[in-house]
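So the structure is just underneath, and the comments pick up after that.
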Amino acid sequence: MDLIPAPSSIEGPYRCGFVMDSRTSLTAGPGTERTERWLRSVLGATFGLPLPPGPPATSNRLALRIDDSLRPEAYRLTVTSTVGAQIVGGDAAGVFWGAQTLRQLLGAEAFRQASVATAAAALPDQVIEDSPRFPWRGLMLDVSRHFMPKADVLRYLDLLAAHKLNVFHFHLTDDQGWRLEIKRYPRLTEVGAWRARTKYGHRASELWDERPHGGYYTQDDIREIVAYAAERHITVVPEIDIPGHSQAAIAAYPELGNTDVIDTTSLSVWDNWGVSPNVLAPTDNTLRFYEGVFEEILGLFPSTFVHVGGDECPKDQWKASPAARARIDELGLKDEDELQSWFIRHFATWLAERGRRLIGWDEILQGGNRQGVRAPGGETTQLGLAPGAAVSSWRGYAGGIAAAQAGHDVVMCPEQHVYLDHRQHGGPDEPMPIGYVRTLEDVYRFEPVPPALSAEAAAHILGTQANVWTEVMQDRSRVDYQVFPRLAAFAEVAWSALPAPAERDFADFERRMTAHYGRLDALGVDYRPPGGPLPWQKRPGVIGRPIEGAPPNV
Ligand code: ACM
């Protein structure tokens with residue numbers, strides 16, 4: 001039935017065994033209520049099925065049950081004319097992933113939001129057994145560079161669920177905008193959520209969109225997003241990026257910046273792309289301020305992991321800052337890299353004391369983990385990754401390998417493979433082309449676990465995620481174009497037990513994609529068609545990056 005991601009095993013399909021109709025009942029065992037609600041809403045809308053609660057003794061029924069002898073997130077879906085359809089999950093999430101498979105079996109029509117009354121809800125007899133390869137199957141979305149309205153975020157959660165992805169890494173803050181209401185610091189959104197204008201295209205482009213741009217999620221919006229995700233067994237991992245990528249916060253509260261180096265009161269939310277030199281000052285004031293931010297974050301996001309960014313923090317201002325130098329001396333540190341290590345370690349400890357775990361980009365390994373560092377006052381300065389801290393490995397595999405070998409958990413998301421902002425074809429028609437060419441097939445052949453890793457270190461690879469940075473994605477349609485169809489290939493890498501990259505059957509995946517494009521069409525996803533962009537998907541003349549012949553930092 002052309003399932004994506006491919007399940008572990010299918011017995012059948014045989015002849016059509018079970019057609020759901022208005023008398024089909026839905027029997028939901030304890031713990032399966034979320035899937036029960038979801039199935040009633042989806043199948044009610046598309047096939048007009050009321051799915052009343054029914055007695056277990058009928059054959060015209062859909063039954064949901066948890067059986068903890070199956071692995072977490074595993075499921076078995078059985079369809080026969082004698083029992084109807086039955087989804088047994090190792091836990092509540094497994095039942096939900098089984099329901100996602102059931103929806104794919106019902107055809108593209110099951111992905112519409114109202115009935116077009118052309119097909120019956122027919123299921124062939126079969127048994128599907130399935131379980132995920134990784135417990136962390138994620139998508140990171142940057143809503144700072146371009147704000148994505150709440151309704152579109154909820155839609156993305158549905159798109160993740162349809163692909164059995166279970167982590168939504170929400171990149172909420174950056175130089176170009178702060179996107180989350182923090183009650184104790186209202187200027188973060190009053191000032192930090194808005195910029196005067198926006199570069200149209202990448203850095204070298206001379207085009208500007210002169211309209212102010214911005215937006216943010218209220219705390220109730222966030223609660224709604226988190227609850228909507230939880231209904232779909234998706235964890236929302238919030239990211240507050242520190243100590244770099246913080247110009248929007250400094251524009252709102254200038255005392256957070258290096259006030260002894262520049263006049264931070266002159267800063268505004270950044271209107272250009274790249275890595276801002278304006279980073280947080282490593283002062284007590286900054287630590288207390290962000291503890292306040294993270295206190296509100298913990299109240300909003302139940303996720304065990306909290307992402308603190310840590311990437312791309314230029315050290316020029318710290319090098320020029322007497323206050324940063326004094327802090328380095330006071331802590332007995334060698335240099336600014338160790339200062340960053342100490343800064344991140346502070347929040348790792350702070351989160352651990354509250355039962356959470358820090359995750360950060362692989363730069364949190366910078367500055368090393370020198371032990372036994374003595375401050376002149378006699379106290380020990382803690383450096384390096386705290387126990388329990390995890391790494392998102394984006395600059396390649398190396399950071400993730402080092403972290404895993406040191407016993408830390410890792411999410412593999414190397415930019416060379418799974419940055420979906422990067423162009424998906426080498427031709428001239430790709431809109432605002434960025435970075436590496438990574439085709440659908442390239443993503444399909446991405447391997448999250450480096451083969452050289454020992455079994456013990458490989459067990460620390462929690463999984464993988466695709467990352468979407470939105471500098472040149474002004475709206476949801478542009479995001480769709482970059483994300484799809486590649487997210488379908490990525491989902492199969494994250495979920496299915498695929499062979500080594502060279503042995504993967506891409507031709508079979510492409511064949512299954514024919515059906516999947518029908519599902520994406522029904523869902524209204526503006527994917528990149530296999531033949532290239534449609535006329536309105538092109539952006540002729542708008543410059544991306546890198547520019548041929550230009551220095552690499554342009
Ligand atoms: C990153 O791409 N700067 C994590």
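Quick note on naming: the chains in the structure tokens go A, B, ... in the order shown, residues restart at 1 in each chain, and ligands are numbered from 1 in order of appearance.
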
Could I get the residues of chain A with an atom no further than 6 Å from an atom of ligand 1, each paired with its nearest atom pair and that distance in Å to one decimal, using only C-alpha atoms and all ligand atoms, sorted by chain and residue number, as a tab-separated table?
residue	atom	partner	partner_atom_place_in_ligand_line	distance
A:Asp311	CA	ligand 1	3 (N)	5.4
A:Trp361	CA	ligand 1	4 (C)	5.8
A:Trp394	CA	ligand 1	4 (C)	5.9

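Excluding A:Thr82 itself and any same-chain residue fewer than 2 positions from it, the protein and nucleic acid residues within 6 Å of it, counting only C-alpha atoms, are Ser59, Thr80 and Gly84 of chain A.
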
Generate the output file for the selected residues, N, CA and C atoms, as a JSON list (two decimals), in the first residue's frame.
[["chain", "number", "residue", "atom", "x", "y", "z"],
["A", 59, "SER", "N", -17.83, -7.74, 14.68],
["A", 59, "SER", "CA", -16.70, -7.78, 13.74],
["A", 59, "SER", "C", -16.58, -6.46, 12.97],
["A", 80, "THR", "N", -8.91, -8.03, 9.35],
["A", 80, "THR", "CA", -9.53, -9.23, 8.78],
["A", 80, "THR", "C", -11.04, -9.02, 8.76],
["A", 84, "GLY", "N", -12.47, -7.18, 11.99],
["A", 84, "GLY", "CA", -12.41, -5.77, 11.63],
["A", 84, "GLY", "C", -10.97, -5.30, 11.66]]

**Report entry** Contacts of A:His422 within 7 Å, only C-alpha atoms, excl. fewer than 3 positions in-chain, as a count of residues only
**Finding:** 7

Query raised in the report: Got a sec: who's within 9 Å of stretch 520-524 of chain A, counting only C-alpha atoms, leaving out chain neighbours fewer than 6 positions off, as a PyMOL selection string?
Result: chain A and resi 108-113+159+484-485

Report task. Write down as an NGL selection string the residues of stretch 22-133 of chain A whose backbone DSSP state falls under strand (DSSP E or B). Result -> :A and (25-28 or 61-66 or 75-80 or 84-89 or 121-124 or 126-130)

Same residues, N, CA and C atoms, saved as a PDB file, in the first residue's frame:
ATOM      1  N   SER A  25     -17.950   0.494  14.777  1.00  0.00           N
ATOM      2  CA  SER A  25     -17.746   1.077  16.112  1.00  0.00           C
ATOM      3  C   SER A  25     -16.249   1.237  16.385  1.00  0.00           C
ATOM      4  N   LEU A  26     -15.964   2.035  17.379  1.00  0.00           N
ATOM      5  CA  LEU A  26     -14.569   2.260  17.797  1.00  0.00           C
ATOM      6  C   LEU A  26     -14.458   1.884  19.271  1.00  0.00           C
ATOM      7  N   THR A  27     -13.696   0.847  19.547  1.00  0.00           N
ATOM      8  CA  THR A  27     -13.486   0.400  20.922  1.00  0.00           C
ATOM      9  C   THR A  27     -12.086   0.806  21.335  1.00  0.00           C
ATOM     10  N   ALA A  28     -11.999   1.697  22.322  1.00  0.00           N
ATOM     11  CA  ALA A  28     -10.685   2.212  22.712  1.00  0.00           C
ATOM     12  C   ALA A  28     -10.347   1.724  24.114  1.00  0.00           C
ATOM     13  N   ARG A  61     -15.779  -3.403  13.529  1.00  0.00           N
ATOM     14  CA  ARG A  61     -15.246  -2.461  14.518  1.00  0.00           C
ATOM     15  C   ARG A  61     -13.765  -2.183  14.295  1.00  0.00           C
ATOM     16  N   LEU A  62     -13.398  -1.065  14.857  1.00  0.00           N
ATOM     17  CA  LEU A  62     -11.995  -0.652  14.910  1.00  0.00           C
ATOM     18  C   LEU A  62     -11.656  -0.687  16.397  1.00  0.00           C
ATOM     19  N   ALA A  63     -10.615  -1.428  16.762  1.00  0.00           N
ATOM     20  CA  ALA A  63     -10.280  -1.579  18.186  1.00  0.00           C
ATOM     21  C   ALA A  63      -8.864  -1.107  18.448  1.00  0.00           C
ATOM     22  N   LEU A  64      -8.698  -0.407  19.551  1.00  0.00           N
ATOM     23  CA  LEU A  64      -7.388   0.114  19.959  1.00  0.00           C
ATOM     24  C   LEU A  64      -7.039  -0.462  21.328  1.00  0.00           C
ATOM     25  N   ARG A  65      -5.791  -0.870  21.482  1.00  0.00           N
ATOM     26  CA  ARG A  65      -5.414  -1.488  22.754  1.00  0.00           C
ATOM     27  C   ARG A  65      -3.913  -1.336  22.954  1.00  0.00           C
ATOM     28  N   ILE A  66      -3.518  -1.210  24.229  1.00  0.00           N
ATOM     29  CA  ILE A  66      -2.091  -1.197  24.562  1.00  0.00           C
ATOM     30  C   ILE A  66      -1.697  -2.578  25.067  1.00  0.00           C
ATOM     31  N   TYR A  75       3.811  -0.987  17.087  1.00  0.00           N
ATOM     32  CA  TYR A  75       2.390  -1.340  16.949  1.00  0.00           C
ATOM     33  C   TYR A  75       2.225  -2.542  16.032  1.00  0.00           C
ATOM     34  N   ARG A  76       1.074  -3.192  16.172  1.00  0.00           N
ATOM     35  CA  ARG A  76       0.666  -4.225  15.228  1.00  0.00           C
ATOM     36  C   ARG A  76      -0.729  -3.863  14.758  1.00  0.00           C
ATOM     37  N   LEU A  77      -0.893  -3.771  13.449  1.00  0.00           N
ATOM     38  CA  LEU A  77      -2.193  -3.430  12.855  1.00  0.00           C
ATOM     39  C   LEU A  77      -2.692  -4.667  12.123  1.00  0.00           C
ATOM     40  N   THR A  78      -3.861  -5.153  12.541  1.00  0.00           N
ATOM     41  CA  THR A  78      -4.428  -6.366  11.945  1.00  0.00           C
ATOM     42  C   THR A  78      -5.776  -6.019  11.325  1.00  0.00           C
ATOM     43  N   VAL A  79      -5.953  -6.414  10.070  1.00  0.00           N
ATOM     44  CA  VAL A  79      -7.258  -6.232   9.423  1.00  0.00           C
ATOM     45  C   VAL A  79      -7.734  -7.585   8.918  1.00  0.00           C
ATOM     46  N   THR A  80      -8.912  -8.029   9.347  1.00  0.00           N
ATOM     47  CA  THR A  80      -9.533  -9.225   8.775  1.00  0.00           C
ATOM     48  C   THR A  80     -11.039  -9.017   8.763  1.00  0.00           C
ATOM     49  N   GLY A  84     -12.466  -7.181  11.995  1.00  0.00           N
ATOM     50  CA  GLY A  84     -12.408  -5.768  11.634  1.00  0.00           C
ATOM     51  C   GLY A  84     -10.965  -5.304  11.656  1.00  0.00           C
ATOM     52  N   ALA A  85     -10.718  -4.114  12.172  1.00  0.00           N
ATOM     53  CA  ALA A  85      -9.344  -3.588  12.258  1.00  0.00           C
ATOM     54  C   ALA A  85      -8.967  -3.435  13.719  1.00  0.00           C
ATOM     55  N   GLN A  86      -7.735  -3.831  14.016  1.00  0.00           N
ATOM     56  CA  GLN A  86      -7.277  -3.762  15.401  1.00  0.00           C
ATOM     57  C   GLN A  86      -5.877  -3.171  15.418  1.00  0.00           C
ATOM     58  N   ILE A  87      -5.689  -2.184  16.280  1.00  0.00           N
ATOM     59  CA  ILE A  87      -4.348  -1.599  16.447  1.00  0.00           C
ATOM     60  C   ILE A  87      -3.915  -1.869  17.880  1.00  0.00           C
ATOM     61  N   VAL A  88      -2.826  -2.603  18.013  1.00  0.00           N
ATOM     62  CA  VAL A  88      -2.258  -2.876  19.329  1.00  0.00           C
ATOM     63  C   VAL A  88      -0.919  -2.153  19.386  1.00  0.00           C
ATOM     64  N   GLY A  89      -0.740  -1.326  20.415  1.00  0.00           N
ATOM     65  CA  GLY A  89       0.508  -0.571  20.530  1.00  0.00           C
ATOM     66  C   GLY A  89       1.257  -0.942  21.797  1.00  0.00           C
ATOM     67  N   ALA A 121     -14.320   3.570   2.769  1.00  0.00           N
ATOM     68  CA  ALA A 121     -13.194   3.394   3.693  1.00  0.00           C
ATOM     69  C   ALA A 121     -12.866   1.908   3.762  1.00  0.00           C
ATOM     70  N   ALA A 122     -12.184   1.441   2.713  1.00  0.00           N
ATOM     71  CA  ALA A 122     -11.949   0.004   2.560  1.00  0.00           C
ATOM     72  C   ALA A 122     -10.526  -0.361   2.929  1.00  0.00           C
ATOM     73  N   LEU A 123     -10.392  -1.456   3.668  1.00  0.00           N
ATOM     74  CA  LEU A 123      -9.074  -1.918   4.111  1.00  0.00           C
ATOM     75  C   LEU A 123      -8.882  -3.370   3.715  1.00  0.00           C
ATOM     76  N   PRO A 124      -7.809  -3.676   2.970  1.00  0.00           N
ATOM     77  CA  PRO A 124      -7.527  -5.080   2.668  1.00  0.00           C
ATOM     78  C   PRO A 124      -7.064  -5.836   3.916  1.00  0.00           C
ATOM     79  N   GLN A 126      -4.741  -7.754   6.237  1.00  0.00           N
ATOM     80  CA  GLN A 126      -3.280  -7.751   6.362  1.00  0.00           C
ATOM     81  C   GLN A 126      -2.873  -7.645   7.827  1.00  0.00           C
ATOM     82  N   VAL A 127      -1.603  -7.950   8.063  1.00  0.00           N
ATOM     83  CA  VAL A 127      -1.022  -7.714   9.394  1.00  0.00           C
ATOM     84  C   VAL A 127       0.269  -6.914   9.187  1.00  0.00           C
ATOM     85  N   ILE A 128       0.332  -5.756   9.806  1.00  0.00           N
ATOM     86  CA  ILE A 128       1.540  -4.923   9.733  1.00  0.00           C
ATOM     87  C   ILE A 128       2.164  -4.871  11.119  1.00  0.00           C
ATOM     88  N   GLU A 129       3.447  -5.204  11.187  1.00  0.00           N
ATOM     89  CA  GLU A 129       4.178  -5.064  12.451  1.00  0.00           C
ATOM     90  C   GLU A 129       5.234  -3.996  12.237  1.00  0.00           C
ATOM     91  N   ASP A 130       5.385  -3.111  13.221  1.00  0.00           N
ATOM     92  CA  ASP A 130       6.221  -1.939  12.958  1.00  0.00           C
ATOM     93  C   ASP A 130       6.737  -1.348  14.263  1.00  0.00           C
TER      94      ASP A 130
END

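Among the candidates A:Pro50, A:Pro546, A:Gly427, A:Gly360, the one nearest to A:Ala348 when counting only C-alpha atoms is A:Gly360.
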
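With only C-alpha atoms as the atoms that count, the minimum distance from A:Phe47 to the choices A:Ala352, A:Ala193, A:Leu207, A:Met20 is reached by A:Met20.
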
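Counting from atom CA of A:Arg423, the distance to atom CA of A:Asp505 is 23.0 Å.
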
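Using only C-alpha atoms, the nearest neighbour of A:Pro243 within the list A:Leu70, A:Ala452, A:Leu188, A:Val308 is A:Val308.
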
Listing only residues of stretch 206-314 of chain A within 12 Å of stretch 373-388 of chain A, what is the closest atom pair and its distance in Å (to one decimal) for each, using only C-alpha atoms, sorted by chain and residue number ascending, as a tab-separated table?
residue	atom	partner	partner_atom	distance
A:Thr304	CA	A:Gly388	CA	10.7
A:Phe305	CA	A:Gly388	CA	9.8
A:Val306	CA	A:Gly388	CA	11.8
A:Gly310	CA	A:Leu385	CA	11.9

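Separating atom CA of A:Trp208 from atom CA of A:Asp241 is a distance of 25.8 Å.
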
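Of the listed residues A:Ala162, A:Val279, A:Val443, A:Ala117, the one whose atoms come nearest to A:Arg103 is A:Ala162, with distances taken using only C-alpha atoms.
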
Query raised in the report: How many Å separate atom CA of A:Ile297 from atom CA of A:Lys150?
Result: 17.6 Å

What are the closest atom pairs, with distances in Å to one decimal, for all residues of stretch 62-176 of chain A lying within 12 Å of stretch 409-413 of chain A? Consider only C-alpha atoms, order rows by chain and residue number, and present the result as a tab-separated table.
residue	atom	partner	partner_atom	distance
A:Phe134	CA	A:Val411	CA	10.1
A:Pro135	CA	A:Val411	CA	10.2
A:Trp136	CA	A:Val411	CA	7.4
A:Arg137	CA	A:Val411	CA	9.0
A:Gly138	CA	A:Val411	CA	9.0
A:Leu139	CA	A:Cys413	CA	9.7
A:Met140	CA	A:Cys413	CA	9.7
A:Val167	CA	A:Val411	CA	11.0
A:His169	CA	A:Val411	CA	11.3

Query - Per-residue DSSP, stretch 363-541 of chain A, filtered to alpha helix (DSSP H), as a PyMOL selection string - result: chain A and resi 398-405+415-418+440-444+455-458+476-483+486-495+506-523
